[in-house]
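Listing of start.txt; format and content: compact mmCIF, C-alpha atoms and all ligand atoms.
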# COMPACT_ATOMS: atom_id res chain seq x y z
CA MET M 1 -13.97 -7.69 -17.83
CA LYS M 2 -13.66 -11.31 -16.71
CA ILE M 3 -10.94 -11.65 -14.08
CA VAL M 4 -8.97 -14.47 -12.47
CA LEU M 5 -7.53 -13.41 -9.11
CA ILE M 6 -4.33 -15.13 -8.05
CA GLY M 7 -3.98 -14.61 -4.28
CA SER M 8 -6.46 -14.23 -1.45
CA GLY M 9 -4.70 -11.79 0.89
CA ASN M 10 -5.34 -8.13 1.61
CA THR M 11 -4.85 -6.86 -1.93
CA ALA M 12 -6.68 -9.67 -3.74
CA THR M 13 -9.60 -9.25 -1.34
CA VAL M 14 -9.95 -5.46 -1.57
CA LEU M 15 -9.28 -5.27 -5.32
CA GLY M 16 -11.57 -8.26 -5.93
CA LYS M 17 -14.41 -6.48 -4.10
CA LYS M 18 -13.67 -3.22 -5.91
CA MET M 19 -13.70 -4.98 -9.31
CA TYR M 20 -16.84 -6.95 -8.49
CA ARG M 21 -18.69 -3.85 -7.27
CA SER M 22 -17.58 -1.96 -10.39
CA GLY M 23 -19.34 -4.49 -12.61
CA HIS M 24 -16.49 -6.84 -13.52
CA ALA M 25 -16.93 -10.60 -13.18
CA ILE M 26 -14.48 -12.51 -10.99
CA LEU M 27 -14.39 -15.91 -12.64
CA GLN M 28 -12.03 -17.65 -10.23
CA VAL M 29 -9.89 -17.14 -7.14
CA TYR M 30 -6.63 -19.04 -6.67
CA SER M 31 -4.90 -19.49 -3.33
CA ARG M 32 -2.37 -22.13 -2.30
CA ASN M 33 -4.72 -22.54 0.68
CA LEU M 34 -8.04 -23.90 -0.67
CA GLN M 35 -10.05 -22.58 2.29
CA HIS M 36 -8.75 -19.02 1.67
CA ALA M 37 -9.66 -19.30 -2.01
CA LYS M 38 -13.11 -20.64 -1.12
CA GLU M 39 -13.86 -17.86 1.37
CA LEU M 40 -12.91 -15.03 -1.00
CA ALA M 41 -14.61 -16.73 -3.96
CA ALA M 42 -17.85 -16.89 -1.94
CA GLU M 43 -17.78 -13.10 -1.49
CA LEU M 44 -17.11 -12.54 -5.19
CA ASN M 45 -19.49 -15.12 -6.65
CA ALA M 46 -16.51 -16.90 -8.21
CA SER M 47 -15.17 -20.43 -8.49
CA PHE M 48 -11.97 -21.31 -6.63
CA THR M 49 -8.88 -23.45 -6.91
CA ASP M 50 -5.61 -24.20 -5.12
CA SER M 51 -3.86 -25.30 -8.30
CA LEU M 52 -2.23 -22.97 -10.81
CA THR M 53 -2.61 -25.71 -13.44
CA THR M 54 -6.41 -25.47 -13.27
CA LEU M 55 -6.79 -21.73 -13.82
CA SER M 56 -9.76 -20.82 -15.98
CA ALA M 57 -8.78 -20.11 -19.59
CA ASP M 58 -11.80 -17.82 -20.08
CA ALA M 59 -10.62 -14.65 -18.33
CA ASP M 60 -9.75 -11.34 -20.01
CA LEU M 61 -7.23 -10.48 -17.27
CA TYR M 62 -5.16 -12.44 -14.73
CA VAL M 63 -4.24 -10.50 -11.59
CA ILE M 64 -1.35 -11.84 -9.49
CA ALA M 65 -1.69 -10.39 -5.97
CA VAL M 66 0.71 -12.49 -3.89
CA SER M 67 3.59 -11.50 -1.60
CA ASP M 68 6.37 -9.59 -3.41
CA THR M 69 8.93 -12.33 -2.82
CA VAL M 70 6.86 -15.00 -4.59
CA VAL M 71 5.43 -13.04 -7.56
CA GLU M 72 8.17 -14.40 -9.84
CA THR M 73 7.84 -17.98 -8.52
CA VAL M 74 4.06 -17.97 -8.91
CA ALA M 75 4.40 -16.39 -12.36
CA GLY M 76 6.74 -19.23 -13.34
CA GLN M 77 4.01 -21.82 -12.77
CA PHE M 78 1.42 -20.95 -15.42
CA THR M 79 1.02 -19.29 -18.80
CA THR M 80 -1.90 -17.43 -20.32
CA GLY M 81 -0.75 -17.30 -23.97
CA ASN M 82 -1.58 -13.77 -25.08
CA LYS M 83 -4.18 -13.11 -22.35
CA PRO M 84 -3.12 -10.08 -20.25
CA VAL M 85 -1.50 -10.72 -16.86
CA VAL M 86 -0.55 -8.14 -14.21
CA HIS M 87 0.96 -8.09 -10.76
CA THR M 88 0.09 -5.58 -8.05
CA ALA M 89 3.53 -4.97 -6.48
CA GLY M 90 5.22 -1.59 -6.14
CA SER M 91 8.75 -2.95 -5.96
CA VAL M 92 8.75 -5.87 -8.43
CA SER M 93 9.78 -5.39 -12.07
CA MET M 94 7.08 -5.85 -14.68
CA GLU M 95 9.51 -8.11 -16.60
CA VAL M 96 9.09 -11.02 -14.17
CA LEU M 97 5.76 -11.62 -15.95
CA GLN M 98 7.35 -12.00 -19.37
CA PRO M 99 7.26 -15.85 -19.25
CA VAL M 100 3.52 -15.86 -18.45
CA SER M 101 2.09 -14.01 -21.44
CA SER M 102 2.97 -11.86 -24.42
CA ASN M 103 0.74 -9.20 -22.82
CA TYR M 104 1.92 -8.34 -19.34
CA GLY M 105 1.83 -5.31 -17.10
CA VAL M 106 1.36 -3.88 -13.64
CA LEU M 107 -1.68 -2.66 -11.75
CA TYR M 108 -0.27 -1.16 -8.56
CA PRO M 109 -2.79 0.18 -6.05
CA LEU M 110 -1.20 3.11 -4.24
CA GLN M 111 -3.13 2.63 -1.03
CA SER M 112 -2.88 0.77 2.26
CA LEU M 113 -5.18 -2.23 1.81
CA ARG M 114 -6.47 -4.52 4.54
CA LYS M 115 -9.02 -7.27 3.96
CA ASP M 116 -10.89 -6.25 7.13
CA MET M 117 -11.46 -2.65 5.97
CA GLU M 118 -15.17 -1.80 6.10
CA ARG M 119 -15.00 1.02 3.55
CA ILE M 120 -12.93 0.74 0.39
CA PRO M 121 -11.00 4.02 0.18
CA GLU M 122 -10.02 5.97 -2.91
CA ILE M 123 -7.28 3.95 -4.64
CA PRO M 124 -4.94 5.66 -7.13
CA PHE M 125 -3.50 3.13 -9.62
CA LEU M 126 -0.03 3.17 -11.17
CA VAL M 127 -0.11 1.07 -14.32
CA ASP M 128 2.43 -0.15 -16.81
CA GLY M 129 2.34 -2.49 -19.79
CA CYS M 130 4.79 -4.15 -22.17
CA THR M 131 3.09 -2.60 -25.24
CA SER M 132 1.10 0.57 -25.84
CA GLU M 133 -2.01 -1.60 -26.39
CA ILE M 134 -1.77 -3.33 -23.02
CA LYS M 135 -1.00 0.01 -21.33
CA ALA M 136 -4.17 1.47 -22.87
CA LEU M 137 -6.24 -1.57 -21.87
CA LEU M 138 -4.97 -1.43 -18.28
CA CYS M 139 -5.55 2.33 -18.07
CA ASP M 140 -9.16 1.81 -19.17
CA PHE M 141 -9.60 -1.04 -16.70
CA ALA M 142 -8.04 0.97 -13.82
CA ALA M 143 -10.23 3.95 -14.75
CA SER M 144 -13.28 1.74 -14.18
CA LEU M 145 -12.06 1.34 -10.57
CA SER M 146 -10.60 4.75 -9.80
CA SER M 147 -10.52 8.38 -10.89
CA GLU M 148 -6.73 8.53 -10.39
CA VAL M 149 -4.70 6.46 -12.90
CA LYS M 150 -1.09 7.13 -13.94
CA VAL M 151 1.24 5.23 -16.28
CA CYS M 152 4.61 4.69 -14.52
CA THR M 153 7.80 2.84 -15.39
CA ASP M 154 9.34 0.26 -13.01
CA ASP M 155 11.70 2.96 -11.63
CA GLN M 156 8.95 5.53 -11.13
CA ARG M 157 6.75 2.94 -9.42
CA LEU M 158 9.61 1.84 -7.15
CA ASN M 159 10.29 5.45 -6.13
CA MET M 160 6.58 5.99 -5.47
CA HIS M 161 6.52 2.81 -3.40
CA LEU M 162 9.42 4.16 -1.33
CA ALA M 163 7.57 7.47 -0.93
CA ALA M 164 4.49 5.55 0.22
CA VAL M 165 6.50 3.58 2.79
CA ILE M 166 8.03 6.75 4.25
CA SER M 167 4.84 8.82 4.29
CA SER M 168 2.42 6.09 5.35
CA ASN M 169 4.13 3.11 6.98
CA PHE M 170 6.58 5.25 8.95
CA THR M 171 3.97 7.71 10.21
CA ASN M 172 1.77 4.77 11.22
CA HIS M 173 4.71 3.35 13.19
CA LEU M 174 5.03 6.70 14.96
CA TYR M 175 1.31 6.50 15.79
CA ALA M 176 1.86 2.99 17.22
CA LEU M 177 4.72 4.23 19.41
CA THR M 178 2.66 7.24 20.49
CA GLN M 179 -0.24 4.95 21.44
CA GLU M 180 2.12 2.89 23.60
CA PHE M 181 3.44 6.09 25.18
CA CYS M 182 -0.11 7.35 25.88
CA ASN M 183 -1.18 3.99 27.32
CA HIS M 184 1.89 3.91 29.54
CA HIS M 185 1.09 7.40 30.88
CA GLN M 186 -2.69 6.75 31.01
CA LEU M 187 -3.40 9.44 28.44
CA SER M 188 -6.03 9.27 25.71
CA PHE M 189 -4.50 8.87 22.22
CA ASP M 190 -7.94 9.80 20.82
CA LEU M 191 -7.39 13.38 21.96
CA LEU M 192 -4.69 13.59 19.28
CA LEU M 193 -7.01 12.58 16.42
CA PRO M 194 -8.17 16.15 15.52
CA LEU M 195 -4.51 17.22 15.39
CA ILE M 196 -3.52 14.23 13.24
CA ASN M 197 -6.44 14.86 10.87
CA GLU M 198 -5.70 18.58 10.60
CA VAL M 199 -2.03 18.06 9.74
CA ALA M 200 -2.90 15.49 7.04
CA PHE M 201 -5.74 17.65 5.68
CA ARG M 202 -3.48 20.71 5.31
CA LEU M 203 -1.36 18.84 2.76
CA ARG M 204 -4.15 19.39 0.23
CA VAL M 205 -3.55 23.13 0.35
CA GLY M 206 0.16 23.60 0.93
CA GLN M 207 3.70 22.25 0.89
CA ALA M 208 4.62 20.20 3.98
CA ALA M 209 7.86 22.14 4.42
CA ASN M 210 5.88 25.39 4.73
CA LEU M 211 3.50 23.90 7.29
CA GLN M 212 5.97 22.55 9.86
CA THR M 213 5.39 23.55 13.47
CA GLY M 214 6.79 22.30 16.80
CA PRO M 215 9.83 22.86 19.03
CA ALA M 216 12.45 21.73 16.48
CA ARG M 217 11.01 24.10 13.85
CA ARG M 218 11.01 26.97 16.37
CA GLY M 219 14.51 26.15 17.64
CA ASP M 220 13.08 25.71 21.15
CA ASP M 221 15.99 23.74 22.65
CA ALA M 222 14.72 23.94 26.24
CA THR M 223 11.50 22.10 25.31
CA ILE M 224 13.43 19.54 23.26
CA GLN M 225 15.66 18.79 26.27
CA LYS M 226 12.58 18.39 28.54
CA HIS M 227 11.05 15.92 26.08
CA LEU M 228 14.29 13.94 25.82
CA GLN M 229 14.42 13.79 29.60
CA LEU M 230 10.89 12.32 29.62
CA LEU M 231 12.04 9.68 27.14
CA SER M 232 15.11 8.69 29.13
CA GLU M 233 13.67 5.22 29.77
CA ASP M 234 12.53 4.65 26.21
CA GLU M 235 15.74 4.49 24.23
CA SER M 236 14.24 3.69 20.81
CA LEU M 237 11.64 6.50 20.92
CA LYS M 238 14.31 8.85 22.28
CA GLN M 239 16.59 8.06 19.30
CA LEU M 240 13.72 8.63 16.85
CA TYR M 241 12.83 11.93 18.57
CA LYS M 242 16.46 13.09 18.29
CA LEU M 243 16.82 11.98 14.66
CA LEU M 244 13.59 13.63 13.52
CA SER M 245 14.29 16.84 15.47
CA GLN M 246 17.74 17.02 13.89
CA SER M 247 16.24 16.45 10.44
CA ILE M 248 13.74 19.29 10.99
CA GLN M 249 16.45 21.60 12.31
CA THR M 250 18.71 20.81 9.34
CA MET M 251 15.94 21.59 6.87
CA TYR M 252 15.16 25.01 8.33
CA HIS M 253 18.75 25.86 9.18
CA LYS M 254 19.57 25.50 5.47
CA LYS M 255 16.79 27.92 4.44
N1 LIG M 301 -1.67 -4.53 1.26
C1 LIG M 301 -1.31 -3.40 0.70
O1 LIG M 301 -1.50 -2.34 1.29
C2 LIG M 301 -0.72 -3.38 -0.69
C3 LIG M 301 -0.80 -2.18 -1.41
C4 LIG M 301 -0.27 -2.15 -2.70
C5 LIG M 301 0.30 -3.27 -3.26
N2 LIG M 301 0.37 -4.44 -2.52
C6 LIG M 301 1.01 -5.60 -3.16
O2 LIG M 301 0.04 -6.61 -3.37
C7 LIG M 301 0.69 -7.90 -3.29
C8 LIG M 301 -0.03 -8.76 -2.25
O3 LIG M 301 0.08 -8.12 -1.00
P1 LIG M 301 -0.99 -8.38 0.17
O4 LIG M 301 -1.00 -7.16 0.99
O5 LIG M 301 -2.25 -8.90 -0.39
O6 LIG M 301 -0.24 -9.51 0.99
P2 LIG M 301 -0.91 -10.57 2.00
O7 LIG M 301 -2.17 -10.03 2.57
O8 LIG M 301 0.19 -10.96 2.92
O9 LIG M 301 -1.28 -11.80 1.05
C9 LIG M 301 -0.28 -12.50 0.38
C10 LIG M 301 -0.89 -13.52 -0.54
O10 LIG M 301 0.21 -14.21 -1.16
C11 LIG M 301 -0.03 -15.61 -1.03
N3 LIG M 301 1.24 -16.31 -1.02
C12 LIG M 301 2.29 -16.11 -0.19
N4 LIG M 301 3.28 -16.98 -0.48
C13 LIG M 301 2.83 -17.76 -1.51
C14 LIG M 301 3.38 -18.83 -2.24
N5 LIG M 301 4.62 -19.29 -2.00
N6 LIG M 301 2.63 -19.37 -3.24
C15 LIG M 301 1.39 -18.91 -3.51
N7 LIG M 301 0.82 -17.90 -2.83
C16 LIG M 301 1.52 -17.32 -1.84
C17 LIG M 301 -0.79 -15.74 0.27
O11 LIG M 301 -1.43 -16.97 0.32
P3 LIG M 301 -1.98 -17.60 1.71
O12 LIG M 301 -3.26 -16.91 1.98
O13 LIG M 301 -2.12 -19.02 1.43
O14 LIG M 301 -0.92 -17.28 2.76
C18 LIG M 301 -1.75 -14.57 0.15
O15 LIG M 301 -2.82 -14.89 -0.68
C19 LIG M 301 2.16 -7.63 -2.94
O16 LIG M 301 2.90 -7.61 -4.12
C20 LIG M 301 2.11 -6.23 -2.32
O17 LIG M 301 3.31 -5.51 -2.47
C21 LIG M 301 -0.12 -4.50 -1.25
Could you render the structure from this file as structure tokens?
Amino acid sequence: MKIVLIGSGNTATVLGKKMYRSGHAILQVYSRNLQHAKELAAELNASFTDSLTTLSADADLYVIAVSDTVVETVAGQFTTGNKPVVHTAGSVSMEVLQPVSSNYGVLYPLQSLRKDMERIPEIPFLVDGCTSEIKALLCDFAASLSSEVKVCTDDQRLNMHLAAVISSNFTNHLYALTQEFCNHHQLSFDLLLPLINEVAFRLRVGQAANLQTGPARRGDDATIQKHLQLLSEDESLKQLYKLLSQSIQTMYHKK
């Protein structure tokens, strides 16, 4: 397919590379910052622009990958007639694209994407479309990029986005706090990597609730108190430790 990419951030960059490497042609990259558009376009063998009024009319698909808060504003600045247009946001309604085209939809990559990532990971796609034809077209397109493609409504996508934030962004924040803790105590965070990998890997074979270990799961109050004592000077980590321990205890107390 011939694609116009609108945006030059993390998602536009990773998806642009994925599309390009999968045999699609990136015709043009738009960014409000011409240098950003130029840099990404150079990697994708595309032309570039910083004006939404000079978008190529020759594409088969227009992909809006800009910050959630400006998807609607950007979408209000151009039209594609009946050429398909999608956005890539988990939490933005598909309907904001209605003014752009009679064929609109969503191509949401359910993955953490960073433009500096060396390896493009597996990316499940949640797709939606305003008609069964556009849904089918987007499913086919997503299937050319990924082996995992699901059609989801706005509500389903929003719930999945929330699930992604809790399971990925929140755990990453806990890693960041743990790294600070390890640095402060001159301990190697890297020693935890086999443990972190093992716990994530186990999810492929079992339910998380059946795999819980640790002092809160065992009801080991003495150890919990020792840990809280160690965190007496780190109020925010202490509060998180208490909250998560209570949540674990509540789950297993109920069972
Ligand atoms: N990154 C992820 O892990 C991920 C995963 C799934 C879905 N998404 C979705 O993908 C979309 C893009 O996210 P991202 O991670 O690529 O964000 P990002 O790296 O912060 O990039 C945001 C892009 O939006 C552009 N932009 C911001 N304000 C603008 C404005 N007023 N007018 C025109 N362009 C503007 C930025 O342009 P400049 O370069 O000029 O600042 C940049 O190209 C979002 O809807 C996000 O929810 C992201």
Which residues are near Ile120 in chain M? Cut-off 9 Å, all atoms listed in the file, ignore same chain within fewer than 4 positions. Put them as a ChimeraX atom specification.
/M:14,17-18,113
CA of Glu39 in chain M sits from CA of Leu15 in chain M at a separation of 15.0 Å
Give as number ranges by chain the residues surrounding ligand LIG 301 (chain M) up to a distance of 7 Å, considering all atoms listed in the file.
M: 7-12, 31-33, 36, 65-68, 70-71, 74, 87-91, 108-114
Between CA of Ala57 in chain M and CA of Leu5 in chain M, what is the distance, to one decimal in Å?
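Between these atoms lies a distance of 12.5 Å.
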Distance CA of Met117 in chain M-CA of Val205 in chain M, one decimal place?
27.5 Å
Counting all atoms listed in the file, which of M:Thr54, M:Thr153, M:Gln239, M:Asn82 gets nearest to Glu95 in chain M?
M:Thr153
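Minimum atom-to-atom distance to Val29 in chain M, evaluated using only C-alpha atoms, belongs to M:Val63 out of M:Val86, M:Ala216, M:Val63, M:Leu195.
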Which residue out of M:Ser236, M:Gly81, M:Leu244, M:Leu230 has the minimum interatomic distance to Pro215 in chain M when all atoms listed in the file are used?
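Closest to Pro215 in chain M, using all atoms listed in the file: M:Leu244.
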Please identify all polymer residues within 8 Å of range 58-61 of chain M, counting only C-alpha atoms, omitting same-chain residues fewer than 5 positions from it, and present them as a PDB file with C-alpha atoms, in the frame of the given file.
ATOM      1  CA  MET M   1     -13.970  -7.690 -17.830  1.00  0.00           C
ATOM      2  CA  LYS M   2     -13.660 -11.310 -16.710  1.00  0.00           C
ATOM      3  CA  ILE M   3     -10.940 -11.650 -14.080  1.00  0.00           C
ATOM      4  CA  VAL M   4      -8.970 -14.470 -12.470  1.00  0.00           C
ATOM      5  CA  LEU M  27     -14.390 -15.910 -12.640  1.00  0.00           C
ATOM      6  CA  LYS M  83      -4.180 -13.110 -22.350  1.00  0.00           C
ATOM      7  CA  PRO M  84      -3.120 -10.080 -20.250  1.00  0.00           C
ATOM      8  CA  VAL M  85      -1.500 -10.720 -16.860  1.00  0.00           C
ATOM      9  CA  VAL M  86      -0.550  -8.140 -14.210  1.00  0.00           C
TER      10      VAL M  86
END
Which residue gives the smallest distance to Cys152 in chain M among M:Gln246, M:Thr178, M:Asn210, M:Ser93, with all atoms listed in the file counted?
M:Ser93
Need to verify the contact set: Ala208 in chain M, 12 Å, only C-alpha atoms, exclusion of same-chain residues closer than 5 positions in sequence. Can you return it as a list of chain:residue names?
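After dropping sequence-adjacent residues, the list is M:Ser167, M:Val199, M:Ala200, M:Phe201, M:Arg202, M:Leu203, M:Thr213, M:Ile248, M:Met251.
The closest residue to Phe181 in chain M, picked from M:Leu231, M:Leu52, M:Leu34, M:Ala75 and counting all atoms listed in the file, is M:Leu231.
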Mind checking which residues fall within 12 Å of Lys226 in chain M, counting all atoms listed in the file, ignoring those fewer than 6 positions away in the same chain, and posting them as a VMD selection string?
chain M and resid 215 220 232 238 241
Which one of M:Met160, M:Glu148, M:Tyr20, M:Leu107 sits closest to Lys135 in chain M if you count only C-alpha atoms?
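Using only C-alpha atoms, Lys135 in chain M sits closest to M:Leu107.
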Determine the axis-aligned bounding box of all atoms of range 4-17 of chain M present in the file, pad each side by 5 Å, and express its centre and edge lengths in Å to one decimal place as lines of an AutoDock Vina configuration file.
center_x = -9.2
center_y = -10.2
center_z = -5.4
size_x = 20.4
size_y = 19.9
size_z = 24.1
All residues 10 Å or closer to range 172-177 of chain M, only C-alpha atoms, same chain fewer than 2 positions away omitted, as a list in words
Val165, Ile166, Ser167, Ser168, Asn169, Phe170, Gln179, Glu180, Phe181, Cys182, Asn183, Phe189, Leu192, Ile196, Ser236, Leu237 and Leu240 of chain M
Missing atoms in range 243-253 of chain M: fill them in up to all heavy atoms and send the result as a PDB file, in the frame of the given file.
ATOM      1  N   LEU M 243      16.561  12.036  16.103  1.00  0.00           N
ATOM      2  CA  LEU M 243      16.820  11.980  14.660  1.00  0.00           C
ATOM      3  C   LEU M 243      15.865  12.894  13.878  1.00  0.00           C
ATOM      4  O   LEU M 243      16.285  13.657  13.005  1.00  0.00           O
ATOM      5  CB  LEU M 243      16.646  10.526  14.202  1.00  0.00           C
ATOM      6  CG  LEU M 243      17.401  10.057  12.996  1.00  0.00           C
ATOM      7  CD1 LEU M 243      18.897  10.112  13.251  1.00  0.00           C
ATOM      8  CD2 LEU M 243      17.004   8.608  12.669  1.00  0.00           C
ATOM      9  N   LEU M 244      14.581  12.823  14.246  1.00  0.00           N
ATOM     10  CA  LEU M 244      13.590  13.630  13.520  1.00  0.00           C
ATOM     11  C   LEU M 244      13.753  15.110  13.845  1.00  0.00           C
ATOM     12  O   LEU M 244      13.617  15.966  12.960  1.00  0.00           O
ATOM     13  CB  LEU M 244      12.170  13.139  13.844  1.00  0.00           C
ATOM     14  CG  LEU M 244      11.845  11.770  13.241  1.00  0.00           C
ATOM     15  CD1 LEU M 244      10.539  11.212  13.794  1.00  0.00           C
ATOM     16  CD2 LEU M 244      11.765  11.845  11.718  1.00  0.00           C
ATOM     17  N   SER M 245      14.076  15.422  15.105  1.00  0.00           N
ATOM     18  CA  SER M 245      14.290  16.840  15.470  1.00  0.00           C
ATOM     19  C   SER M 245      15.487  17.389  14.719  1.00  0.00           C
ATOM     20  O   SER M 245      15.450  18.515  14.197  1.00  0.00           O
ATOM     21  CB  SER M 245      14.518  16.975  16.988  1.00  0.00           C
ATOM     22  OG  SER M 245      13.339  16.618  17.668  1.00  0.00           O
ATOM     23  N   GLN M 246      16.545  16.574  14.631  1.00  0.00           N
ATOM     24  CA  GLN M 246      17.740  17.020  13.890  1.00  0.00           C
ATOM     25  C   GLN M 246      17.409  17.238  12.418  1.00  0.00           C
ATOM     26  O   GLN M 246      17.860  18.197  11.796  1.00  0.00           O
ATOM     27  CB  GLN M 246      18.863  15.977  14.004  1.00  0.00           C
ATOM     28  CG  GLN M 246      19.688  16.151  15.270  1.00  0.00           C
ATOM     29  CD  GLN M 246      20.481  14.889  15.612  1.00  0.00           C
ATOM     30  OE1 GLN M 246      20.552  13.946  14.822  1.00  0.00           O
ATOM     31  NE2 GLN M 246      21.050  14.871  16.807  1.00  0.00           N
ATOM     32  N   SER M 247      16.603  16.332  11.859  1.00  0.00           N
ATOM     33  CA  SER M 247      16.240  16.450  10.440  1.00  0.00           C
ATOM     34  C   SER M 247      15.444  17.751  10.211  1.00  0.00           C
ATOM     35  O   SER M 247      15.683  18.466   9.230  1.00  0.00           O
ATOM     36  CB  SER M 247      15.426  15.223  10.031  1.00  0.00           C
ATOM     37  OG  SER M 247      15.030  15.326   8.702  1.00  0.00           O
ATOM     38  N   ILE M 248      14.527  18.040  11.119  1.00  0.00           N
ATOM     39  CA  ILE M 248      13.740  19.290  10.990  1.00  0.00           C
ATOM     40  C   ILE M 248      14.664  20.494  11.113  1.00  0.00           C
ATOM     41  O   ILE M 248      14.617  21.424  10.294  1.00  0.00           O
ATOM     42  CB  ILE M 248      12.622  19.340  12.083  1.00  0.00           C
ATOM     43  CG1 ILE M 248      11.577  18.256  11.823  1.00  0.00           C
ATOM     44  CG2 ILE M 248      11.960  20.722  12.121  1.00  0.00           C
ATOM     45  CD1 ILE M 248      10.566  18.058  12.956  1.00  0.00           C
ATOM     46  N   GLN M 249      15.557  20.456  12.108  1.00  0.00           N
ATOM     47  CA  GLN M 249      16.450  21.600  12.310  1.00  0.00           C
ATOM     48  C   GLN M 249      17.367  21.805  11.098  1.00  0.00           C
ATOM     49  O   GLN M 249      17.601  22.924  10.672  1.00  0.00           O
ATOM     50  CB  GLN M 249      17.272  21.405  13.588  1.00  0.00           C
ATOM     51  CG  GLN M 249      16.415  21.668  14.827  1.00  0.00           C
ATOM     52  CD  GLN M 249      17.097  21.262  16.127  1.00  0.00           C
ATOM     53  OE1 GLN M 249      17.866  20.317  16.174  1.00  0.00           O
ATOM     54  NE2 GLN M 249      16.782  21.987  17.192  1.00  0.00           N
ATOM     55  N   THR M 250      17.838  20.705  10.522  1.00  0.00           N
ATOM     56  CA  THR M 250      18.710  20.810   9.340  1.00  0.00           C
ATOM     57  C   THR M 250      17.959  21.453   8.180  1.00  0.00           C
ATOM     58  O   THR M 250      18.479  22.328   7.485  1.00  0.00           O
ATOM     59  CB  THR M 250      19.209  19.408   8.926  1.00  0.00           C
ATOM     60  OG1 THR M 250      19.853  18.814  10.041  1.00  0.00           O
ATOM     61  CG2 THR M 250      20.165  19.473   7.760  1.00  0.00           C
ATOM     62  N   MET M 251      16.713  21.043   7.989  1.00  0.00           N
ATOM     63  CA  MET M 251      15.940  21.590   6.870  1.00  0.00           C
ATOM     64  C   MET M 251      15.766  23.102   7.002  1.00  0.00           C
ATOM     65  O   MET M 251      15.940  23.851   6.046  1.00  0.00           O
ATOM     66  CB  MET M 251      14.564  20.916   6.800  1.00  0.00           C
ATOM     67  CG  MET M 251      13.678  21.497   5.715  1.00  0.00           C
ATOM     68  SD  MET M 251      12.112  20.637   5.561  1.00  0.00           S
ATOM     69  CE  MET M 251      12.508  19.414   4.360  1.00  0.00           C
ATOM     70  N   TYR M 252      15.455  23.573   8.189  1.00  0.00           N
ATOM     71  CA  TYR M 252      15.160  25.010   8.330  1.00  0.00           C
ATOM     72  C   TYR M 252      16.420  25.834   8.555  1.00  0.00           C
ATOM     73  O   TYR M 252      16.439  27.018   8.254  1.00  0.00           O
ATOM     74  CB  TYR M 252      14.102  25.227   9.427  1.00  0.00           C
ATOM     75  CG  TYR M 252      12.813  24.600   8.963  1.00  0.00           C
ATOM     76  CD1 TYR M 252      12.455  23.323   9.391  1.00  0.00           C
ATOM     77  CD2 TYR M 252      12.020  25.220   8.002  1.00  0.00           C
ATOM     78  CE1 TYR M 252      11.323  22.699   8.897  1.00  0.00           C
ATOM     79  CE2 TYR M 252      10.888  24.601   7.505  1.00  0.00           C
ATOM     80  CZ  TYR M 252      10.544  23.341   7.953  1.00  0.00           C
ATOM     81  OH  TYR M 252       9.440  22.736   7.444  1.00  0.00           O
ATOM     82  N   HIS M 253      17.476  25.176   9.034  1.00  0.00           N
ATOM     83  CA  HIS M 253      18.750  25.860   9.180  1.00  0.00           C
ATOM     84  C   HIS M 253      19.296  26.227   7.806  1.00  0.00           C
ATOM     85  O   HIS M 253      19.870  27.267   7.608  1.00  0.00           O
ATOM     86  CB  HIS M 253      19.732  24.908   9.905  1.00  0.00           C
ATOM     87  CG  HIS M 253      20.940  25.605  10.417  1.00  0.00           C
ATOM     88  ND1 HIS M 253      20.885  26.553  11.419  1.00  0.00           N
ATOM     89  CD2 HIS M 253      22.243  25.510  10.057  1.00  0.00           C
ATOM     90  CE1 HIS M 253      22.097  26.992  11.649  1.00  0.00           C
ATOM     91  NE2 HIS M 253      22.939  26.376  10.839  1.00  0.00           N
TER      92      HIS M 253
END
